[in-house]
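Raw start_19.txt, compact mmCIF, N, CA and C atoms:
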# COMPACT_ATOMS: atom_id res chain seq x y z
N MET A 1 -12.69 31.19 5.31
CA MET A 1 -11.32 30.82 4.98
C MET A 1 -11.09 29.36 5.38
N ASN A 2 -10.52 28.58 4.48
CA ASN A 2 -10.16 27.19 4.77
C ASN A 2 -8.78 27.13 5.40
N TRP A 3 -8.61 26.25 6.34
CA TRP A 3 -7.31 25.97 6.95
C TRP A 3 -7.00 24.52 6.62
N THR A 4 -6.00 24.28 5.83
CA THR A 4 -5.69 22.92 5.41
C THR A 4 -4.32 22.51 5.92
N ILE A 5 -4.21 21.26 6.28
CA ILE A 5 -2.89 20.70 6.61
C ILE A 5 -2.30 20.20 5.31
N GLU A 6 -1.18 20.76 4.92
CA GLU A 6 -0.57 20.46 3.63
C GLU A 6 0.68 19.60 3.75
N VAL A 7 1.55 19.93 4.73
CA VAL A 7 2.83 19.23 4.85
C VAL A 7 3.15 19.04 6.33
N VAL A 8 3.58 17.84 6.68
CA VAL A 8 4.01 17.53 8.04
C VAL A 8 5.48 17.15 8.00
N PRO A 9 6.35 17.89 8.70
CA PRO A 9 7.76 17.51 8.72
C PRO A 9 7.96 16.26 9.58
N VAL A 10 8.77 15.35 9.08
CA VAL A 10 9.08 14.11 9.79
C VAL A 10 10.59 14.11 10.06
N PRO A 11 10.99 14.11 11.33
CA PRO A 11 12.41 14.17 11.67
C PRO A 11 13.11 12.82 11.47
N VAL A 12 14.15 12.82 10.66
CA VAL A 12 14.89 11.58 10.37
C VAL A 12 16.40 11.84 10.45
N THR A 13 17.16 10.76 10.59
CA THR A 13 18.61 10.89 10.66
C THR A 13 19.27 10.74 9.30
N ASP A 14 18.67 9.95 8.42
CA ASP A 14 19.26 9.66 7.11
C ASP A 14 18.20 9.89 6.05
N MET A 15 18.33 10.97 5.31
CA MET A 15 17.33 11.37 4.32
C MET A 15 17.11 10.29 3.25
N ASP A 16 18.19 9.73 2.73
CA ASP A 16 18.06 8.74 1.66
C ASP A 16 17.43 7.45 2.16
N ARG A 17 17.79 7.02 3.37
CA ARG A 17 17.18 5.81 3.95
C ARG A 17 15.69 6.05 4.17
N ALA A 18 15.34 7.22 4.70
CA ALA A 18 13.93 7.54 4.95
C ALA A 18 13.16 7.64 3.63
N LYS A 19 13.76 8.26 2.63
CA LYS A 19 13.11 8.36 1.31
C LYS A 19 12.83 6.97 0.76
N ALA A 20 13.79 6.08 0.83
CA ALA A 20 13.60 4.71 0.34
C ALA A 20 12.47 4.02 1.11
N PHE A 21 12.44 4.20 2.42
CA PHE A 21 11.39 3.57 3.22
C PHE A 21 10.02 4.07 2.82
N TYR A 22 9.84 5.39 2.81
CA TYR A 22 8.52 5.93 2.51
C TYR A 22 8.09 5.71 1.06
N ALA A 23 9.03 5.78 0.12
CA ALA A 23 8.67 5.60 -1.29
C ALA A 23 8.52 4.12 -1.66
N GLU A 24 9.52 3.31 -1.30
CA GLU A 24 9.53 1.92 -1.77
C GLU A 24 8.72 0.98 -0.88
N LYS A 25 8.79 1.16 0.42
CA LYS A 25 8.10 0.23 1.32
C LYS A 25 6.67 0.67 1.62
N ILE A 26 6.45 1.97 1.84
CA ILE A 26 5.11 2.44 2.17
C ILE A 26 4.32 2.81 0.92
N GLY A 27 5.01 3.23 -0.15
CA GLY A 27 4.33 3.53 -1.41
C GLY A 27 3.99 4.98 -1.63
N PHE A 28 4.62 5.90 -0.88
CA PHE A 28 4.38 7.32 -1.08
C PHE A 28 5.01 7.77 -2.41
N ASN A 29 4.43 8.78 -3.03
CA ASN A 29 4.98 9.38 -4.24
C ASN A 29 6.02 10.43 -3.86
N VAL A 30 7.15 10.43 -4.55
CA VAL A 30 8.18 11.45 -4.31
C VAL A 30 7.82 12.66 -5.16
N ASP A 31 7.46 13.76 -4.51
CA ASP A 31 7.07 15.00 -5.19
C ASP A 31 8.26 15.91 -5.43
N LEU A 32 9.19 15.90 -4.48
CA LEU A 32 10.33 16.80 -4.55
C LEU A 32 11.50 16.15 -3.84
N ASN A 33 12.68 16.25 -4.44
CA ASN A 33 13.93 15.79 -3.83
C ASN A 33 14.99 16.73 -4.35
N ASP A 34 15.21 17.84 -3.62
CA ASP A 34 16.02 18.91 -4.18
C ASP A 34 16.71 19.71 -3.07
N GLU A 35 17.79 20.34 -3.44
CA GLU A 35 18.41 21.34 -2.58
C GLU A 35 17.73 22.65 -2.94
N VAL A 36 16.86 23.11 -2.07
CA VAL A 36 16.03 24.29 -2.37
C VAL A 36 16.74 25.60 -2.08
N ALA A 37 17.81 25.55 -1.31
CA ALA A 37 18.69 26.69 -1.01
C ALA A 37 20.04 26.07 -0.66
N PRO A 38 21.10 26.83 -0.69
CA PRO A 38 22.40 26.25 -0.36
C PRO A 38 22.39 25.55 1.00
N GLY A 39 22.67 24.25 0.98
CA GLY A 39 22.71 23.46 2.20
C GLY A 39 21.36 23.04 2.76
N VAL A 40 20.27 23.33 2.05
CA VAL A 40 18.93 22.97 2.51
C VAL A 40 18.31 21.99 1.53
N ARG A 41 18.15 20.76 1.98
CA ARG A 41 17.56 19.71 1.14
C ARG A 41 16.17 19.37 1.65
N VAL A 42 15.24 19.22 0.73
CA VAL A 42 13.86 18.86 1.05
C VAL A 42 13.46 17.66 0.20
N ILE A 43 12.92 16.65 0.85
CA ILE A 43 12.28 15.54 0.15
C ILE A 43 10.82 15.57 0.59
N GLN A 44 9.93 15.81 -0.35
CA GLN A 44 8.50 15.82 -0.04
C GLN A 44 7.86 14.60 -0.67
N LEU A 45 7.09 13.87 0.13
CA LEU A 45 6.44 12.65 -0.31
C LEU A 45 4.96 12.70 0.05
N THR A 46 4.12 12.13 -0.81
CA THR A 46 2.68 12.17 -0.58
C THR A 46 2.08 10.77 -0.70
N PRO A 47 1.29 10.35 0.29
CA PRO A 47 0.58 9.08 0.15
C PRO A 47 -0.39 9.14 -1.03
N PRO A 48 -0.55 8.05 -1.77
CA PRO A 48 -1.49 8.05 -2.88
C PRO A 48 -2.89 8.47 -2.42
N GLY A 49 -3.47 9.44 -3.10
CA GLY A 49 -4.82 9.91 -2.79
C GLY A 49 -4.90 10.93 -1.67
N SER A 50 -3.77 11.28 -1.07
CA SER A 50 -3.78 12.21 0.06
C SER A 50 -3.69 13.65 -0.39
N ARG A 51 -4.24 14.53 0.42
CA ARG A 51 -4.10 15.96 0.20
C ARG A 51 -2.98 16.54 1.04
N CYS A 52 -2.35 15.70 1.85
CA CYS A 52 -1.29 16.15 2.75
C CYS A 52 -0.03 15.34 2.48
N SER A 53 1.11 15.99 2.54
CA SER A 53 2.40 15.37 2.28
C SER A 53 3.23 15.35 3.56
N ILE A 54 4.33 14.61 3.51
CA ILE A 54 5.34 14.71 4.56
C ILE A 54 6.58 15.32 3.95
N ALA A 55 7.40 15.93 4.79
CA ALA A 55 8.65 16.53 4.33
C ALA A 55 9.79 16.02 5.19
N LEU A 56 10.83 15.56 4.54
CA LEU A 56 12.08 15.20 5.19
C LEU A 56 13.00 16.38 4.94
N LEU A 57 13.57 16.93 5.99
CA LEU A 57 14.31 18.19 5.87
C LEU A 57 15.73 18.04 6.39
N GLU A 58 16.65 18.67 5.68
CA GLU A 58 18.06 18.69 6.10
C GLU A 58 18.58 20.11 5.92
N GLY A 59 19.14 20.69 6.97
CA GLY A 59 19.70 22.03 6.88
C GLY A 59 18.69 23.15 6.93
N MET A 60 17.43 22.82 7.18
CA MET A 60 16.36 23.82 7.23
C MET A 60 16.44 24.58 8.55
N PRO A 61 16.52 25.91 8.50
CA PRO A 61 16.52 26.68 9.75
C PRO A 61 15.20 26.47 10.49
N THR A 62 15.26 26.40 11.80
CA THR A 62 14.07 26.22 12.60
C THR A 62 13.24 27.51 12.57
N PRO A 63 11.96 27.42 12.21
CA PRO A 63 11.13 28.63 12.20
C PRO A 63 11.07 29.28 13.58
N PRO A 64 11.02 30.60 13.63
CA PRO A 64 10.94 31.29 14.92
C PRO A 64 9.76 30.79 15.75
N GLY A 65 10.02 30.59 17.03
CA GLY A 65 8.96 30.18 17.94
C GLY A 65 8.65 28.70 17.94
N THR A 66 9.43 27.91 17.20
CA THR A 66 9.19 26.47 17.17
C THR A 66 10.39 25.73 17.76
N LYS A 67 10.21 24.45 17.98
CA LYS A 67 11.27 23.62 18.54
C LYS A 67 11.68 22.56 17.53
N VAL A 68 12.90 22.11 17.64
CA VAL A 68 13.41 21.04 16.78
C VAL A 68 12.94 19.70 17.34
N MET A 69 12.39 18.86 16.48
CA MET A 69 12.02 17.51 16.88
C MET A 69 13.20 16.59 16.58
N ALA A 70 13.55 15.77 17.53
CA ALA A 70 14.61 14.79 17.30
C ALA A 70 14.06 13.64 16.46
N PRO A 71 14.90 13.02 15.62
CA PRO A 71 14.44 11.86 14.86
C PRO A 71 13.82 10.80 15.79
N GLY A 72 12.69 10.27 15.35
CA GLY A 72 12.01 9.23 16.11
C GLY A 72 11.02 9.75 17.14
N THR A 73 10.83 11.05 17.24
CA THR A 73 9.94 11.60 18.27
C THR A 73 8.55 11.94 17.76
N LEU A 74 8.30 11.77 16.48
CA LEU A 74 6.97 12.08 15.94
C LEU A 74 6.11 10.82 16.00
N HIS A 75 5.00 10.90 16.69
CA HIS A 75 4.13 9.74 16.85
C HIS A 75 2.68 10.13 16.66
N GLY A 76 1.89 9.17 16.20
CA GLY A 76 0.46 9.39 16.08
C GLY A 76 0.01 9.93 14.74
N LEU A 77 0.93 10.08 13.78
CA LEU A 77 0.48 10.46 12.44
C LEU A 77 -0.47 9.38 11.95
N GLN A 78 -1.57 9.78 11.36
CA GLN A 78 -2.59 8.82 11.00
C GLN A 78 -3.00 8.95 9.54
N MET A 79 -3.06 7.80 8.89
CA MET A 79 -3.57 7.72 7.53
C MET A 79 -4.82 6.85 7.55
N CYS A 80 -5.67 7.02 6.55
CA CYS A 80 -6.86 6.19 6.43
C CYS A 80 -6.82 5.41 5.11
N VAL A 81 -7.34 4.20 5.16
CA VAL A 81 -7.49 3.34 3.99
C VAL A 81 -8.90 2.76 4.03
N THR A 82 -9.36 2.26 2.91
CA THR A 82 -10.69 1.66 2.90
C THR A 82 -10.66 0.15 3.10
N ASP A 83 -9.47 -0.45 3.12
CA ASP A 83 -9.34 -1.90 3.34
C ASP A 83 -8.11 -2.15 4.21
N ILE A 84 -8.32 -2.27 5.50
CA ILE A 84 -7.22 -2.43 6.45
C ILE A 84 -6.47 -3.74 6.24
N ASP A 85 -7.18 -4.80 5.85
CA ASP A 85 -6.52 -6.09 5.61
C ASP A 85 -5.60 -6.01 4.40
N ALA A 86 -6.04 -5.33 3.35
CA ALA A 86 -5.19 -5.15 2.16
C ALA A 86 -3.99 -4.29 2.50
N ALA A 87 -4.19 -3.25 3.30
CA ALA A 87 -3.06 -2.40 3.72
C ALA A 87 -2.06 -3.21 4.52
N HIS A 88 -2.55 -4.04 5.43
CA HIS A 88 -1.67 -4.89 6.23
C HIS A 88 -0.87 -5.82 5.33
N ALA A 89 -1.55 -6.46 4.38
CA ALA A 89 -0.87 -7.39 3.46
C ALA A 89 0.16 -6.66 2.61
N THR A 90 -0.17 -5.48 2.12
CA THR A 90 0.76 -4.71 1.29
C THR A 90 2.01 -4.34 2.08
N LEU A 91 1.82 -3.77 3.26
CA LEU A 91 2.96 -3.35 4.06
C LEU A 91 3.80 -4.55 4.49
N SER A 92 3.16 -5.60 4.94
CA SER A 92 3.90 -6.81 5.35
C SER A 92 4.67 -7.38 4.18
N GLY A 93 4.04 -7.41 3.01
CA GLY A 93 4.68 -7.93 1.80
C GLY A 93 5.88 -7.12 1.36
N ARG A 94 5.93 -5.86 1.74
CA ARG A 94 7.07 -5.00 1.40
C ARG A 94 8.12 -4.98 2.51
N GLY A 95 7.93 -5.82 3.52
CA GLY A 95 8.93 -5.93 4.58
C GLY A 95 8.80 -4.92 5.70
N VAL A 96 7.65 -4.27 5.82
CA VAL A 96 7.45 -3.30 6.89
C VAL A 96 7.02 -4.06 8.15
N GLY A 97 7.64 -3.76 9.28
CA GLY A 97 7.22 -4.34 10.55
C GLY A 97 5.93 -3.70 11.00
N VAL A 98 4.82 -4.36 10.75
CA VAL A 98 3.50 -3.80 11.00
C VAL A 98 2.80 -4.59 12.10
N SER A 99 2.03 -3.90 12.92
CA SER A 99 1.29 -4.57 13.99
C SER A 99 0.16 -5.39 13.40
N PRO A 100 -0.42 -6.27 14.21
CA PRO A 100 -1.66 -6.92 13.76
C PRO A 100 -2.77 -5.86 13.62
N VAL A 101 -3.80 -6.19 12.89
CA VAL A 101 -4.99 -5.32 12.84
C VAL A 101 -5.66 -5.43 14.21
N ARG A 102 -5.99 -4.28 14.78
CA ARG A 102 -6.59 -4.23 16.11
C ARG A 102 -7.78 -3.27 16.12
N HIS A 103 -8.59 -3.43 17.13
CA HIS A 103 -9.70 -2.49 17.35
C HIS A 103 -9.79 -2.18 18.84
N ILE A 104 -10.55 -1.14 19.17
CA ILE A 104 -10.76 -0.77 20.56
C ILE A 104 -12.01 -1.50 21.04
N GLY A 105 -11.81 -2.35 22.04
CA GLY A 105 -12.91 -3.13 22.59
C GLY A 105 -13.16 -2.77 24.04
N GLU A 106 -13.93 -3.61 24.70
CA GLU A 106 -14.29 -3.35 26.10
C GLU A 106 -13.07 -3.31 27.02
N ALA A 107 -12.04 -4.10 26.70
CA ALA A 107 -10.86 -4.18 27.55
C ALA A 107 -9.68 -3.39 26.99
N GLY A 108 -9.94 -2.46 26.07
CA GLY A 108 -8.85 -1.72 25.44
C GLY A 108 -8.59 -2.27 24.04
N TRP A 109 -7.32 -2.30 23.65
CA TRP A 109 -6.97 -2.79 22.32
C TRP A 109 -7.13 -4.31 22.24
N GLU A 110 -7.83 -4.77 21.22
CA GLU A 110 -8.06 -6.19 20.99
C GLU A 110 -7.70 -6.52 19.55
N ASP A 111 -7.17 -7.72 19.32
CA ASP A 111 -6.82 -8.14 17.97
C ASP A 111 -8.06 -8.33 17.12
N GLY A 112 -7.91 -8.08 15.82
CA GLY A 112 -8.98 -8.25 14.85
C GLY A 112 -9.65 -6.93 14.50
N LYS A 113 -10.47 -7.00 13.45
CA LYS A 113 -11.19 -5.82 13.00
C LYS A 113 -12.34 -5.49 13.94
N GLY A 114 -12.64 -4.20 14.02
CA GLY A 114 -13.80 -3.73 14.76
C GLY A 114 -14.85 -3.23 13.79
N GLY A 115 -15.77 -2.44 14.30
CA GLY A 115 -16.82 -1.89 13.45
C GLY A 115 -16.31 -0.70 12.65
N THR A 116 -17.24 0.06 12.10
CA THR A 116 -16.90 1.22 11.28
C THR A 116 -16.00 2.18 12.05
N TRP A 117 -14.92 2.61 11.42
CA TRP A 117 -13.92 3.52 11.98
C TRP A 117 -13.15 2.90 13.15
N ASN A 118 -13.23 1.60 13.36
CA ASN A 118 -12.61 0.99 14.54
C ASN A 118 -11.71 -0.19 14.17
N SER A 119 -10.90 -0.01 13.13
CA SER A 119 -9.88 -1.01 12.77
C SER A 119 -8.59 -0.27 12.47
N PHE A 120 -7.51 -0.70 13.11
CA PHE A 120 -6.24 0.03 13.05
C PHE A 120 -5.07 -0.93 12.91
N LEU A 121 -3.97 -0.39 12.39
CA LEU A 121 -2.67 -1.05 12.46
C LEU A 121 -1.65 0.05 12.67
N SER A 122 -0.45 -0.34 13.06
CA SER A 122 0.58 0.67 13.28
C SER A 122 1.92 0.16 12.78
N PHE A 123 2.82 1.10 12.50
CA PHE A 123 4.18 0.77 12.10
C PHE A 123 5.07 1.96 12.44
N SER A 124 6.37 1.75 12.39
CA SER A 124 7.34 2.81 12.63
C SER A 124 8.32 2.87 11.47
N ASP A 125 8.83 4.07 11.20
CA ASP A 125 9.87 4.21 10.17
C ASP A 125 11.22 3.81 10.78
N PRO A 126 12.29 3.79 9.99
CA PRO A 126 13.59 3.35 10.51
C PRO A 126 14.11 4.16 11.70
N ASP A 127 13.63 5.40 11.88
CA ASP A 127 14.06 6.21 13.02
C ASP A 127 13.17 6.04 14.24
N GLY A 128 12.04 5.36 14.08
CA GLY A 128 11.12 5.17 15.19
C GLY A 128 9.93 6.11 15.21
N ASN A 129 9.77 6.94 14.18
CA ASN A 129 8.57 7.77 14.08
C ASN A 129 7.38 6.84 13.88
N GLY A 130 6.32 7.03 14.67
CA GLY A 130 5.21 6.09 14.68
C GLY A 130 4.00 6.54 13.90
N TRP A 131 3.44 5.61 13.15
CA TRP A 131 2.27 5.85 12.30
C TRP A 131 1.12 4.94 12.71
N VAL A 132 -0.09 5.42 12.48
CA VAL A 132 -1.31 4.63 12.67
C VAL A 132 -2.07 4.64 11.35
N VAL A 133 -2.61 3.50 10.98
CA VAL A 133 -3.46 3.40 9.79
C VAL A 133 -4.83 2.96 10.28
N GLN A 134 -5.86 3.70 9.88
CA GLN A 134 -7.23 3.43 10.29
C GLN A 134 -8.07 3.09 9.07
N GLU A 135 -8.98 2.14 9.23
CA GLU A 135 -9.89 1.82 8.13
C GLU A 135 -11.06 2.80 8.16
N ALA A 136 -11.29 3.45 7.02
CA ALA A 136 -12.42 4.36 6.84
C ALA A 136 -13.48 3.67 5.98
N PRO A 137 -14.73 4.04 6.13
CA PRO A 137 -15.78 3.38 5.36
C PRO A 137 -15.79 3.72 3.87
N SER A 138 -15.13 4.83 3.49
CA SER A 138 -15.09 5.23 2.08
C SER A 138 -13.91 6.15 1.87
N ASP A 139 -13.55 6.38 0.60
CA ASP A 139 -12.47 7.31 0.28
C ASP A 139 -12.84 8.72 0.73
N LEU A 140 -11.83 9.53 0.97
CA LEU A 140 -12.03 10.89 1.47
C LEU A 140 -12.98 11.70 0.58
N GLY A 141 -12.82 11.59 -0.74
CA GLY A 141 -13.66 12.37 -1.65
C GLY A 141 -15.13 11.98 -1.61
N GLU A 142 -15.43 10.82 -1.03
CA GLU A 142 -16.82 10.35 -0.95
C GLU A 142 -17.47 10.65 0.40
N ARG A 143 -16.68 11.19 1.35
CA ARG A 143 -17.25 11.47 2.67
C ARG A 143 -17.76 12.88 2.77

Can you turn what I pasted into structure tokens?
Amino acid sequence: MNWTIEVVPVPVTDMDRAKAFYAEKIGFNVDLNDEVAPGVRVIQLTPPGSRCSIALLEGMPTPPGTKVMAPGTLHGLQMCVTDIDAAHATLSGRGVGVSPVRHIGEAGWEDGKGGTWNSFLSFSDPDGNGWVVQEAPSDLGER
């Protein structure tokens, strides 16, 4: 049996502002923007080429046994790209506050690209949810 990560909820304060950020600035595709039940709105967005989406939720009852995440408390979500410099240029060009490209060196985080699987950048959405982008040696379908 396969276990796949399909959707990650991202806690936000303003659904439309978050949708604009993820769609227009980051470049995610909007898959769904609908009231799926009375008072329950879901916006699902998917990064180009990804098998996993994010969901912005409003009015969704908390599933039993889980806790509510406050907006801005989700950190460490990670995406991969095959060209970290191009990703940095794209995000910067769209007005996203993005970190410099960094790698893990002898003294911890150091500016500049590292070796294979060791080049990263980071950014936050308008609520402060934190993302990491890592350079991969090839697209997911080729690994």

Write out as a PDB file with N, CA and C atoms, keeping the file's coordinate frame all residues of range 29-87 of chain A that DSSP puts in strand (DSSP E) for this structure's backbone.
ATOM      1  N   ASN A  29       4.430   8.780  -3.030  1.00  0.00           N
ATOM      2  CA  ASN A  29       4.980   9.380  -4.240  1.00  0.00           C
ATOM      3  C   ASN A  29       6.020  10.430  -3.860  1.00  0.00           C
ATOM      4  N   VAL A  30       7.150  10.430  -4.550  1.00  0.00           N
ATOM      5  CA  VAL A  30       8.180  11.450  -4.310  1.00  0.00           C
ATOM      6  C   VAL A  30       7.820  12.660  -5.160  1.00  0.00           C
ATOM      7  N   ASP A  31       7.460  13.760  -4.510  1.00  0.00           N
ATOM      8  CA  ASP A  31       7.070  15.000  -5.190  1.00  0.00           C
ATOM      9  C   ASP A  31       8.260  15.910  -5.430  1.00  0.00           C
ATOM     10  N   LEU A  32       9.190  15.900  -4.480  1.00  0.00           N
ATOM     11  CA  LEU A  32      10.330  16.800  -4.550  1.00  0.00           C
ATOM     12  C   LEU A  32      11.500  16.150  -3.840  1.00  0.00           C
ATOM     13  N   ASN A  33      12.680  16.250  -4.440  1.00  0.00           N
ATOM     14  CA  ASN A  33      13.930  15.790  -3.830  1.00  0.00           C
ATOM     15  C   ASN A  33      14.990  16.730  -4.350  1.00  0.00           C
ATOM     16  N   ASP A  34      15.210  17.840  -3.620  1.00  0.00           N
ATOM     17  CA  ASP A  34      16.020  18.910  -4.180  1.00  0.00           C
ATOM     18  C   ASP A  34      16.710  19.710  -3.070  1.00  0.00           C
ATOM     19  N   GLU A  35      17.790  20.340  -3.440  1.00  0.00           N
ATOM     20  CA  GLU A  35      18.410  21.340  -2.580  1.00  0.00           C
ATOM     21  C   GLU A  35      17.730  22.650  -2.940  1.00  0.00           C
ATOM     22  N   VAL A  36      16.860  23.110  -2.070  1.00  0.00           N
ATOM     23  CA  VAL A  36      16.030  24.290  -2.370  1.00  0.00           C
ATOM     24  C   VAL A  36      16.740  25.600  -2.080  1.00  0.00           C
ATOM     25  N   ALA A  37      17.810  25.550  -1.310  1.00  0.00           N
ATOM     26  CA  ALA A  37      18.690  26.690  -1.010  1.00  0.00           C
ATOM     27  C   ALA A  37      20.040  26.070  -0.660  1.00  0.00           C
ATOM     28  N   VAL A  40      20.270  23.330   2.050  1.00  0.00           N
ATOM     29  CA  VAL A  40      18.930  22.970   2.510  1.00  0.00           C
ATOM     30  C   VAL A  40      18.310  21.990   1.530  1.00  0.00           C
ATOM     31  N   ARG A  41      18.150  20.760   1.980  1.00  0.00           N
ATOM     32  CA  ARG A  41      17.560  19.710   1.140  1.00  0.00           C
ATOM     33  C   ARG A  41      16.170  19.370   1.650  1.00  0.00           C
ATOM     34  N   VAL A  42      15.240  19.220   0.730  1.00  0.00           N
ATOM     35  CA  VAL A  42      13.860  18.860   1.050  1.00  0.00           C
ATOM     36  C   VAL A  42      13.460  17.660   0.200  1.00  0.00           C
ATOM     37  N   ILE A  43      12.920  16.650   0.850  1.00  0.00           N
ATOM     38  CA  ILE A  43      12.280  15.540   0.150  1.00  0.00           C
ATOM     39  C   ILE A  43      10.820  15.570   0.590  1.00  0.00           C
ATOM     40  N   GLN A  44       9.930  15.810  -0.350  1.00  0.00           N
ATOM     41  CA  GLN A  44       8.500  15.820  -0.040  1.00  0.00           C
ATOM     42  C   GLN A  44       7.860  14.600  -0.670  1.00  0.00           C
ATOM     43  N   LEU A  45       7.090  13.870   0.130  1.00  0.00           N
ATOM     44  CA  LEU A  45       6.440  12.650  -0.310  1.00  0.00           C
ATOM     45  C   LEU A  45       4.960  12.700   0.050  1.00  0.00           C
ATOM     46  N   THR A  46       4.120  12.130  -0.810  1.00  0.00           N
ATOM     47  CA  THR A  46       2.680  12.170  -0.580  1.00  0.00           C
ATOM     48  C   THR A  46       2.080  10.770  -0.700  1.00  0.00           C
ATOM     49  N   SER A  53       1.110  15.990   2.540  1.00  0.00           N
ATOM     50  CA  SER A  53       2.400  15.370   2.280  1.00  0.00           C
ATOM     51  C   SER A  53       3.230  15.350   3.560  1.00  0.00           C
ATOM     52  N   ILE A  54       4.330  14.610   3.510  1.00  0.00           N
ATOM     53  CA  ILE A  54       5.340  14.710   4.560  1.00  0.00           C
ATOM     54  C   ILE A  54       6.580  15.320   3.950  1.00  0.00           C
ATOM     55  N   ALA A  55       7.400  15.930   4.790  1.00  0.00           N
ATOM     56  CA  ALA A  55       8.650  16.530   4.330  1.00  0.00           C
ATOM     57  C   ALA A  55       9.790  16.020   5.190  1.00  0.00           C
ATOM     58  N   LEU A  56      10.830  15.560   4.540  1.00  0.00           N
ATOM     59  CA  LEU A  56      12.080  15.200   5.190  1.00  0.00           C
ATOM     60  C   LEU A  56      13.000  16.380   4.940  1.00  0.00           C
ATOM     61  N   LEU A  57      13.570  16.930   5.990  1.00  0.00           N
ATOM     62  CA  LEU A  57      14.310  18.190   5.870  1.00  0.00           C
ATOM     63  C   LEU A  57      15.730  18.040   6.390  1.00  0.00           C
ATOM     64  N   GLU A  58      16.650  18.670   5.680  1.00  0.00           N
ATOM     65  CA  GLU A  58      18.060  18.690   6.100  1.00  0.00           C
ATOM     66  C   GLU A  58      18.580  20.110   5.920  1.00  0.00           C
ATOM     67  N   HIS A  75       5.000  10.900  16.690  1.00  0.00           N
ATOM     68  CA  HIS A  75       4.130   9.740  16.850  1.00  0.00           C
ATOM     69  C   HIS A  75       2.680  10.130  16.660  1.00  0.00           C
ATOM     70  N   GLY A  76       1.890   9.170  16.200  1.00  0.00           N
ATOM     71  CA  GLY A  76       0.460   9.390  16.080  1.00  0.00           C
ATOM     72  C   GLY A  76       0.010   9.930  14.740  1.00  0.00           C
ATOM     73  N   LEU A  77       0.930  10.080  13.780  1.00  0.00           N
ATOM     74  CA  LEU A  77       0.480  10.460  12.440  1.00  0.00           C
ATOM     75  C   LEU A  77      -0.470   9.380  11.950  1.00  0.00           C
ATOM     76  N   GLN A  78      -1.570   9.780  11.360  1.00  0.00           N
ATOM     77  CA  GLN A  78      -2.590   8.820  11.000  1.00  0.00           C
ATOM     78  C   GLN A  78      -3.000   8.950   9.540  1.00  0.00           C
ATOM     79  N   MET A  79      -3.060   7.800   8.890  1.00  0.00           N
ATOM     80  CA  MET A  79      -3.570   7.720   7.530  1.00  0.00           C
ATOM     81  C   MET A  79      -4.820   6.850   7.550  1.00  0.00           C
ATOM     82  N   CYS A  80      -5.670   7.020   6.550  1.00  0.00           N
ATOM     83  CA  CYS A  80      -6.860   6.190   6.430  1.00  0.00           C
ATOM     84  C   CYS A  80      -6.820   5.410   5.110  1.00  0.00           C
ATOM     85  N   VAL A  81      -7.340   4.200   5.160  1.00  0.00           N
ATOM     86  CA  VAL A  81      -7.490   3.340   3.990  1.00  0.00           C
ATOM     87  C   VAL A  81      -8.900   2.760   4.030  1.00  0.00           C
TER      88      VAL A  81
END

Practice task
Write out as number ranges by chain the residues lying within 6 Å of range 63-80 of chain A, counting all atoms listed in the file and excluding same-chain residues fewer than 6 positions away.
Solution key: A: 11-13, 127-136

Practice task
List the neighbours of range 98-114 of chain A out to 8 Å using only N, CA and C atoms; skip same-chain residues closer than 3 positions along the sequence, and give me the result as a ChimeraX atom specification.
Solution key: /A:84-85,88,91-92,95,117-124

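Here atom N of Asp139 in chain A stands at a distance of 14.4 Å from CA of Pro47 in chain A.
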
Handout entry: Neighbour list for Asp34 in chain A as a list in words, cut-off 12 Å, only C-alpha atoms, skip fewer than 2 positions in-chain
Key = Met15, Asp16, Val30, Asp31, Leu32, Val36, Ala37, Pro38, Gly39, Val40, Arg41, Val42, Ile43, Gln44, Ala55, Leu56, Leu57 and Glu58 of chain A

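Of the residues in range 43-137 of chain A, those given alpha helix (DSSP H) by DSSP on the backbone are Ile84, Asp85, Ala86, Ala87, His88, Ala89, Thr90, Leu91, Ser92 and Gly93 of chain A.
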
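Candidate residues A:Asp83, A:Thr90, A:Glu35, A:Val8 were compared for distance to Met60 in chain A, and the nearest is A:Glu35, using only C-alpha atoms.
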
Handout entry: Distance of atom C of Ile5 in chain A from atom C of Cys52 in chain A, expressed in Å to one decimal place
Key = 6.1 Å

Handout entry: Computed interatomic separation between CA of Pro137 in chain A and atom C of Val81 in chain A (Å)
Key = 7.0 Å

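Proximity of A:Glu6, A:Ser53, A:Leu45, A:Ala87 to Ala23 in chain A, computed with only N, CA and C atoms, is greatest for A:Leu45.
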